[in-house]
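Below is one structure, written out as C-alpha cells; the observations come after it.
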Amino acid sequence: MEFKVGDIAQLLQGEVLRTTENNSVLVKIAGKEHTVRLLKAGTNEFEFILDNTFHHAKILQSGSAEVRLVIDGQPLTVKKHSKLTEVLEKASALGGAGGGDRNLISQIPGRVVNISAKTGTEVKKGDVIVVLESMKMQVAVKAHKDGNLKEIKVKQGASVARNDVLAVIE
Amino acid sequence: MEFKVGDIAQLLQGEVLRTTENNSVLVKIAGKEHTVRLLKAGTNEFEFILDNTFHHAKILQSGSAEVRLVIDGQPLTVKKHSKLTEVLEKASALGGAGGGDRNLISQIPGRVVNISAKTGTEVKKGDVIVVLESMKMQVAVKAHKDGNLKEIKVKQGASVARNDVLAVIE
Amino acid sequence: MAMSKKIISILIANRGEIALRIIRACRELGIKSIAIYSDEDVRAVHVKRADEAYHIGPAPPAQSYLNMTKIVETAKAAGADAIHPGYGFLSENENFPEMCEKNGIIFIGPTAKAMEVTGDKMKCKAVMKKAQVPTVPGSDGIIEDVEKAADVANKAGYPVLLKSAFGGGGRGIRLANSEKQLRQEFEMASAESRAAFGKAALFVEKYLQRIRHIEFQLVRDSHGNSRHLFERECSIQRRHQKLIEMSPSPVVDQKTRERIGEIAVRAAEAVDYLNAGTAEFLRDPEGNFYFIEINSRLQVEHPVTELVTGLDLVKLQVAIAQGEEITFKQSDLKMNGCAIECRINAEDPFYEFAPSTGAVPSCNIPYGPGVRVDTYLYPGCTVSGYYDSLTAKLLAWGRNFDEARVRMRNALDEFTIEGINTTIPLYRTIMDDPNFIKGDLSTDYLDRFKIFDKMNEDAKERAKEKASAAVASILLQSEFVKKAGAAQTAAKSSKWKMRGTSS
Amino acid sequence: MAMSKKIISILIANRGEIALRIIRACRELGIKSIAIYSDEDVRAVHVKRADEAYHIGPAPPAQSYLNMTKIVETAKAAGADAIHPGYGFLSENENFPEMCEKNGIIFIGPTAKAMEVTGDKMKCKAVMKKAQVPTVPGSDGIIEDVEKAADVANKAGYPVLLKSAFGGGGRGIRLANSEKQLRQEFEMASAESRAAFGKAALFVEKYLQRIRHIEFQLVRDSHGNSRHLFERECSIQRRHQKLIEMSPSPVVDQKTRERIGEIAVRAAEAVDYLNAGTAEFLRDPEGNFYFIEINSRLQVEHPVTELVTGLDLVKLQVAIAQGEEITFKQSDLKMNGCAIECRINAEDPFYEFAPSTGAVPSCNIPYGPGVRVDTYLYPGCTVSGYYDSLTAKLLAWGRNFDEARVRMRNALDEFTIEGINTTIPLYRTIMDDPNFIKGDLSTDYLDRFKIFDKMNEDAKERAKEKASAAVASILLQSEFVKKAGAAQTAAKSSKWKMRGTSS
C-alpha cells in the first residue's frame with residue numbers, strides 16, 4: 001500500500017511481509033525491511049520497537065482513506081490507498097480534493113460572547129462571524145470563504161464544542 | 001447497620017438518612033449527622049467530601065459481611081451486620097470466629113526454591129515448610145499451626161501467586 | 001503596624017497549581033489548609049489535597065473565586081485566621097485586604113494602602129520619581145495641551161508613545177517619530193479619546209525599543225526590613241504575556257544586580273510595601289533600567305527565584321504575615337546556579353494560541369535531576385475553559401544556564417499531556433534556538449527571530465523522522481487489531497491481546 | 001593511562017531507575033543512550049526512553065543483565081563506545097571492565113585492578129593500613145592459632161567478633177566479651193569452620209557498638225586528581241540494607257568533614273582509584289571513624305550528594321571516563337542545605353518486608369518544591385519479582401535538616417503506588433520520630449527505638465481517623481452503586497454515573 005504523510009507530503013510504500021512468532025512483524029517500508037516488535041496493542045494504542053527504537057502510537061481517527069495519529073507525541077495525518085499516487089494525481093488535476101465546505105467550524109470549545117455578522121448578508125473570507133471566549137481569551141472565528149451567510153447556528157451565551165458548526169456560508 | 005472497623009476494633013453505627021439533590025447523601029455515623037458529597041463513583045472507587053474533607057476510597061473486596069478497602073491510602077477491613085454486636089458476642093463465646101484453616105497460604109508471589117518439610121510428617125507451628133524467592137530475597141513460609149503435613153501443593157522451581165495454597169496441614 | 005499572631009489555618013482564595021503550591025507550604029508549616037472550589041472544580045487537585053475544601057459557587061469566576069463576600073464568609077465559617085490570595089483573581093484587589101482586616105482575618109500580602117499606590121500606574125510613577133527610582137521618561141501625568149506634549153517628547157527624545165489613560169492591553173497607543181508626527185497624532189488621539197470617553201486623557205512616554213523585561217523579587221516585613229532576591233528575566237513574551245522566565249539574566253552582572261537590587265528595595269520602601277512583591281523594569285540595549293511597576297503579589301514565576309536562592313517564598317510570606325522578622329541579611333543571599341521556567345499553557349501554538357480545553361485522560365509529568373513541576377494536572381483531570389490557560393510550570397535548574405537549558409529541553413520531551421494542545425512544542429524550539437542560547441533576548445524575541453516559523457520547521461522535521469514509525473503503526477493496526485477483533489469474538493482470549501510480557 | 005576519547009554512545013548494562021537516570025545524563029550530554037532488556041522488561045521505562053533498546057535474553061539475571069558476553073556483543077553490534085554498569089549486576093565484577101577493554105569499549109567506572117583490591121576485604125584493609133587509613137582494629141588476616149587471636153583481641157579491646165572467612169551475611173560470626181569466652185568460641189568456631197569448609201579460617205575484629213554508617217563520595221580522574229564530595233549518613237538500615245540516607249550527617253561538623261574527607265581521598269589514592277566511588281566508614285559513639293570498604297561504583301544514594309553539591313555525578317562519571325580532568329578544586333565545593341533519601345522498596349513493612357510484586361495500575365509520583373524522585377514506576381507498569389525491590393528513590397532537599405525532613409514527610413503522603421505494598425508507611429513513622437528528628441541514629445536504630453511498634457501504632461491511629469470515612473464509603477456503595485447497576489440496565493445512563501462536573 002502507499003501512504004502519504006501529511007504536512008511533509010512524503011510518499012512511502014509500506015507492506016507487511018510476514019508475521020513471526022514473538023509478536024513481531026516483518027515489514028517493508030520505503031524499500032527497506034524492518035522487524036517491528038509489538039509490545040502492547042490496545043484498540044487504538046500501540047507500543048512497538050522498530051529498528052531498536054521504542055515508539056508509542058495513538059490512533060485518533062482511522063478511516064479507510066486517512067489515519068490521524070500521534071506518534072511519540074508528534075501528531076501526523078497519513079493518507080492511505082492501494083493506488084495512492086493515481087488518486088493524488090487525479091485530485092490535484094481537479095484542483096484540490098475536498099471542494100468548498102459550507103460549514104464554518106469552531107476549532108476550539110468555548111462560549112459565544114458575540115455574534116458579529118448578520119444572517120442573509122454577504123461576507124468576505126476573514127470577516128469575523130462569531131466571537132468565542134475560552135480561558136479568559138476572546139477568539140474571533142472568521143469566515144472561511146466569501147459568500148452569503150445563510151445561517152448562524154449558535155446563540156449568544158451558548159457553549160460550543162470543538163468542531164461544532166457555527167454558521168453556514170454559501 | 002453496625003460496622004466494626006478491623007485492627008482498631010472500633011464499632012460504629014451508620015445509616016443513610018436520605019439522599020439529596022446535588023449527588024449528596026445525609027448519613028448518620030456514630031450518632032452524628034454528616035453530609036457526604038459524592039464527586040466520583042466507579043464500581044469500586046469513590047471520591048467524596050465528608051465534613052469538608054476530601055476522601056478517596058477504593059473497595060478491594062466487598063462481601064455481604066466484610067469489606068476490604070483502602071481509604072486515602074490506608075487499608076482497612078470493615079465487618080458489617082445489621083446485628084453486628086450480637087454476632088460478635090456469639091463468636092467470641094465460641095472462642096473465635098473462623099476456626100483452624102487447613103490451608104497454608106502464600107502471602108507473596110514468588111518462585112519455590114526449596115521444599116523444607118516432608119509430606120506425612122508432623123509439623124509444629126512456625127516450622128519452615130517452603131522457601132520462596134522473590135526480588136533476590138528468600139522468604140520462608142512457615143506452618144500456621146501444629147498438625148500433620150497432608151500435602152505439599154507446589155514443586156521446586158514452580159511459580160506461585162499471592163494467596164496460592166502451598167500445603168495442607170490437618 | 002507590626003502585628004504578631006501565629007497563623008493556624010489558611011484559606012486559599014485560589015485554584016489550580018498555585019493553590020496546590022500554597023497547600024504544600026501549609027503542610028510544611030503545620031498549618032491547616034482550607035481550599036475553596038467552584039462547581040467546575042469539584043474534582044480539582046487542590047480540593048483533594050487540602051485539609052478542608054468548601055464549595056463557593058458556580059463556575060464563572062465572578063460568582064466564585066472573585067466573590068469576596070462569600071470567600072470571607074467561608075473563611076469565618078471554617079475558622080480560617082488568614083487568607084492567601086495566590087495570583088490573579090483577588091490578589092491585587094485593594095478592597096480584599098481591607099475586607100479581611102475588617103473581619104479579623106490576616107491577608108497574606110501587602111496592605112490595601114500599598115496596593116492602592118502600586119495599582120495606579122501614574123500615582124506609582126510619581127512616588128518612584130520622588131524616591132529617585134528611574135522610570136520611563138515622559139509626562140508626569142495626563143497632558144491635555146499639545147505644546148506640553150511636544151515639550152515632554154523633546155526632552156525624552158523620539159520616538160515617543162502617546163497613550164490614552166483609558167486604554168489598555170495595547171489599545172489607544174500611537175507612535176510618533178518626530179515632533180511633526182506627534183502634533184498630528186496628538187490631535188487625532190485626543191479626538192478619539194474625547195469621542196470614546198468624553199475626555200482627552202493622554203500621556204507621553206519614551207518609546208523603548210528592543211527592550212528586555214527584567215524584574216527583581218522583593219520581600220519586606222512589618223518591621224521595615226527589605227531584601228531583594230535577585231532578578232528574573234522574563235523577556236520572552238507573547239502579547240505582553242510572559243512565557244519563559246529565568247534567573248540570572250544573561251545581561252545582569254553582579255555589580256548591576258546589586259545596583260538595581262538596591263533601587264528595587266528603594267521602590268518597595270517608597271510605597272511602604274509589605275510581604276512579597278516584584279519590581280518590574282525594562283532594560284534598553286544601552287543597559288539603562290526603567291522601573292515600570294510593582295506587582296503586589298506572589299508571582300507565577302516565583303519558583304525561579306526559589307531554585308536559585310533556596311528560599312521558600314510562600315513560607316516566607318506566611319512568616320511575614322505573622323509579623324515575623326526576615327531572618328537573613330542581604331549579604332547572606334547567594335545566587336546558586338541558574339533556573340528556567342516554561343509556562344505550559346493549554347493553548348495551541350500552531351493555531352494562534354487558541355485555547356484548548358477538555359479532559360486529560362493521561363499525562364506524564366517529568367521528574368529527575370534538576371527538574372521541578374508545579375501543576376494541577378493529573379491523569380483523568382479536566383482543563384476548564386472558565387479559568388486561565390496555565391496548566392503547569394516546568395522548571396529546570398542547572399549549575400549554569402546551559403545545564404538548565406538542556407535539562408529543560410529534555411523535560412519538555414518527557415512531558416506529555418494527552419487530550420489538549422499546549423505550548424510545549426514552542427518551548428522545544430526556543431531551547432534549541434541559537435539566539436536563545438546566546439542570550440539575545442527582548443520582548444519582541446518571538447517575532448524578531450521568526451520563532452514560529454522555526455517551530456513549524458521543527459514539527460515538519462519531527463514528522464519526517466516519525467514517518468516510517470507512523471506507517472508501521474498503521475500496518476500493525478491492520479495486521480493485528482482487525483484479526484484480534486475477529487479472534488476475540490471466536491475465542492475469549494487472543495494472541496494479539498497481549499499483557500506486559502512476551503514469551 | 002590517561003586516555004582521551006569523546007564518547008558518542010553509551011550502552012547501559014542495567015535496568016530500572018538507574019538506567020533511566022543514566023539515559024537522562026546521556027541526553028544532557030548529547031550522547032546516544034542504548035538500553036538492554038530482558039523478556040521481563042519489554043515494557044519497562046528504560047526501554048521506552050532510551051534512543052535504542054536491545055533484547056538481551058530471558059528474565060533471570062544470569063541469562064540477561066549478568067550475561068557479560070552477550071552484553072559486550074550487543075554493545076559492539078550497536079556501535080556503543082562505552083558501557084555504564086549502573087549499580088548491582090555487573091558493576092563490581094572486575095572481569096567486566098577487563099572484557100570491555102579487550103573489546104575496545106570504555107568502561108565507565110574504576111579499573112579492573114582497583115576493583116580487584118576493593119573487592120577483597122582483607123587485601124583492601126592491608127592496603128589501607130599501609131596508607132594510614134584507620135580501619136576496624138583486629139587481625140591483619142586469617143588467624144589459625146588461638147594464642148594469636150587472644151593477643152589481637154587484647155590489643156583491640158573486648159568485646160570482639162570472631163568471623164569466619166567463609167561466612168557472610170551475618171553467618172559464622174561469634175561474639176566474645178572476654179578472653180575466656182574468646183578461647184571457648186575460637187575452638188568451637190574453628191571446629192565448625194573445619195567441618196564446613198575443611199579449613200579453620202577465622203579473623204578477629206573489634207565489636208563496635210551503636211555505630212553509625214557514614215560514607216564519603218569520591219571522584220578521581222585519570223590524571224590523578226581526587227576530590228571528596230562530603231559525607232552521607234546511611235545509618236538507618238535493616239539487615240545491613242540501607243533504607244534512608246542523608247547529607248550532611250548530624251554528627252559531622254566542618255572540621256570532621258575535612259579530616260575524614262582527606263582520609264577518604266587518601267584511601268582512593270592508595271588503590272589508584274578511577275571514577276566515582278564511595279569510602280564507607282563506621283563511626284563509634286566516641287567519634288572515631290573506621291574505614292570499612294570502598295564501593296567501586298555509582299551508589300544508589302548518589303542523588304543525596306547531587307542535591308547538596310549541585311553536581312551531576314553521572315555526567316561527571318562520563319567526563320572522567322573520557323579522560324577529562326575534574327574541573328573543580330576541593331575548595332570550590334560547598335555544601336548547600338540538606339538532602340534526605342528514602343528507598344521506596346516493594347516490600348511490606350507490616351509483614352517482615354515480604355516482597356510485593358505485580359501490576360501497578362496507577363501511581364502518583366510526588367513533585368513540588370525540593371522534591372526529586374528517581375523511579376521506574378509509571379501507571380500501568382509491572383514490579384517484577386526477578387529483580388531487586390527498589391522501585392523508587394524519593395528525595396527531599398531543604399535549607400536545613402528540618403525543612404528537608406518535613407518535605408519528605410509530605411512527599412511520602414503524596415506518593416501513592418497502587419497494587420503493591422511498599423516501605424512508605426515505615427518512612428512516615430521515621431520522619432515523625434523524635435529520635436530521628438534529634439539525629440540519634442545508629443545501625444540498630446529501628447530496633448533500639450522500636451520503630452516497627454510505632455509504625456503499627458501510627459497505622460492504627462490513621463485507621464481510627466479514617467473509620468468514619470470508611471463507613472461512609474460503604475454506605476455510599478450500598479446507596480449508589482447497587483441502584484446505579486439496576487438503573488444502568490434499564491436506562492443507558494444513570495444519575496449516579498457521574499462525570500467531572502455536578503450541577
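A note on labels: chains of the C-alpha cells are A, B, ... as shown, every chain counts residues from 1, and ligands are counted from 1 in their shown order.
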
Which residues of chain B have any atom within 6 Å of an atom in chain C when counting only C-alpha atoms, and what is the closest pair of atoms for each, with the distance in Å to one decimal? Order the rows by chain and rising number and write it as CSV.
residue,atom,partner,partner_atom,distance
B:Asn52,CA,C:Glu52,CA,5.1
B:Thr53,CA,C:Glu52,CA,4.6
B:Phe54,CA,C:Lys48,CA,5.3

Hey, list the chain D side of the contact with chain C: 9 Å cut-off, only C-alpha atoms, answer as a VMD selection string.
chain D and resid 21 24 to 25 27 to 29 39 to 43 49 58 303 306 to 307 310 to 312 336 to 337 364 to 365 367 to 375 378 381 to 382 398 to 399 403 406 to 407 409 to 410 414 500 to 503

Find the spatial neighbours of segment 61-75 of chain B, counting only C-alpha atoms, within a cut-off of 8 Å - ignore same-chain residues fewer than 5 positions away - and output them as an NGL selection string.
(:B and (55-56 or 80-81)) or (:D and (416 or 459 or 462-463 or 466 or 469-470 or 474))

Out of segment 196-348 of chain C, which residues get alpha helix (DSSP H) from DSSP, as number ranges by chain?
C: 196-197, 254-270, 302-309, 313-321

Would you export the selected residues with C-alpha atoms as a PDB file, in the first residue's frame, please?
ATOM      1  CA  ALA C 196     -14.978  57.423  23.415  1.00  0.00           C
ATOM      2  CA  PHE C 197     -14.668  58.712  26.960  1.00  0.00           C
ATOM      3  CA  GLN C 254      26.914  41.123  39.971  1.00  0.00           C
ATOM      4  CA  LYS C 255      27.516  44.873  40.008  1.00  0.00           C
ATOM      5  CA  THR C 256      24.321  45.619  38.065  1.00  0.00           C
ATOM      6  CA  ARG C 257      22.427  43.138  40.239  1.00  0.00           C
ATOM      7  CA  GLU C 258      23.454  44.982  43.367  1.00  0.00           C
ATOM      8  CA  ARG C 259      22.785  48.398  41.858  1.00  0.00           C
ATOM      9  CA  ILE C 260      19.306  47.627  40.505  1.00  0.00           C
ATOM     10  CA  GLY C 261      18.529  45.449  43.530  1.00  0.00           C
ATOM     11  CA  GLU C 262      19.093  48.481  45.739  1.00  0.00           C
ATOM     12  CA  ILE C 263      16.805  50.562  43.531  1.00  0.00           C
ATOM     13  CA  ALA C 264      14.144  47.858  43.772  1.00  0.00           C
ATOM     14  CA  VAL C 265      14.402  47.910  47.567  1.00  0.00           C
ATOM     15  CA  ARG C 266      14.086  51.684  47.477  1.00  0.00           C
ATOM     16  CA  ALA C 267      10.936  51.304  45.370  1.00  0.00           C
ATOM     17  CA  ALA C 268       9.447  48.901  47.945  1.00  0.00           C
ATOM     18  CA  GLU C 269      10.227  51.315  50.732  1.00  0.00           C
ATOM     19  CA  ALA C 270       8.769  54.261  48.817  1.00  0.00           C
ATOM     20  CA  HIS C 302       8.379  32.839  41.876  1.00  0.00           C
ATOM     21  CA  PRO C 303       9.813  29.259  41.734  1.00  0.00           C
ATOM     22  CA  VAL C 304      12.635  30.544  39.511  1.00  0.00           C
ATOM     23  CA  THR C 305      13.830  32.599  42.459  1.00  0.00           C
ATOM     24  CA  GLU C 306      13.260  29.721  44.868  1.00  0.00           C
ATOM     25  CA  LEU C 307      15.551  27.495  42.827  1.00  0.00           C
ATOM     26  CA  VAL C 308      18.470  29.934  42.740  1.00  0.00           C
ATOM     27  CA  THR C 309      18.174  31.182  46.329  1.00  0.00           C
ATOM     28  CA  LEU C 313       8.747  32.222  49.156  1.00  0.00           C
ATOM     29  CA  VAL C 314       5.319  31.028  50.276  1.00  0.00           C
ATOM     30  CA  LYS C 315       6.606  30.023  53.706  1.00  0.00           C
ATOM     31  CA  LEU C 316       8.385  33.364  53.865  1.00  0.00           C
ATOM     32  CA  GLN C 317       5.108  35.117  53.024  1.00  0.00           C
ATOM     33  CA  VAL C 318       3.386  33.364  55.918  1.00  0.00           C
ATOM     34  CA  ALA C 319       6.200  34.270  58.311  1.00  0.00           C
ATOM     35  CA  ILE C 320       5.958  37.927  57.313  1.00  0.00           C
ATOM     36  CA  ALA C 321       2.170  37.888  57.601  1.00  0.00           C
TER      37      ALA C 321
END

I'd like the contact shell of Ala112 of chain D - 8 Å cut-off, only C-alpha atoms, skipping same-chain residues fewer than 3 positions apart - returned as a count of residues only.
7

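If you count only C-alpha atoms and ignore residues fewer than 3 places along the chain from Thr119 of chain A, what sits within 9 Å of it is A:Glu122, A:Asn148, A:Leu149, A:Lys150, A:Glu151, A:Ile152.
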
12 Å contact set for segment 475-478 of chain C, only C-alpha atoms, chain neighbours under 4 positions out, as a VMD selection string
(chain A and resid 1 to 3 13 to 19 23 to 29 35 to 50 57 to 59 62 to 64 67 69 78 80) or (chain C and resid 468 to 471 482 to 485 496)
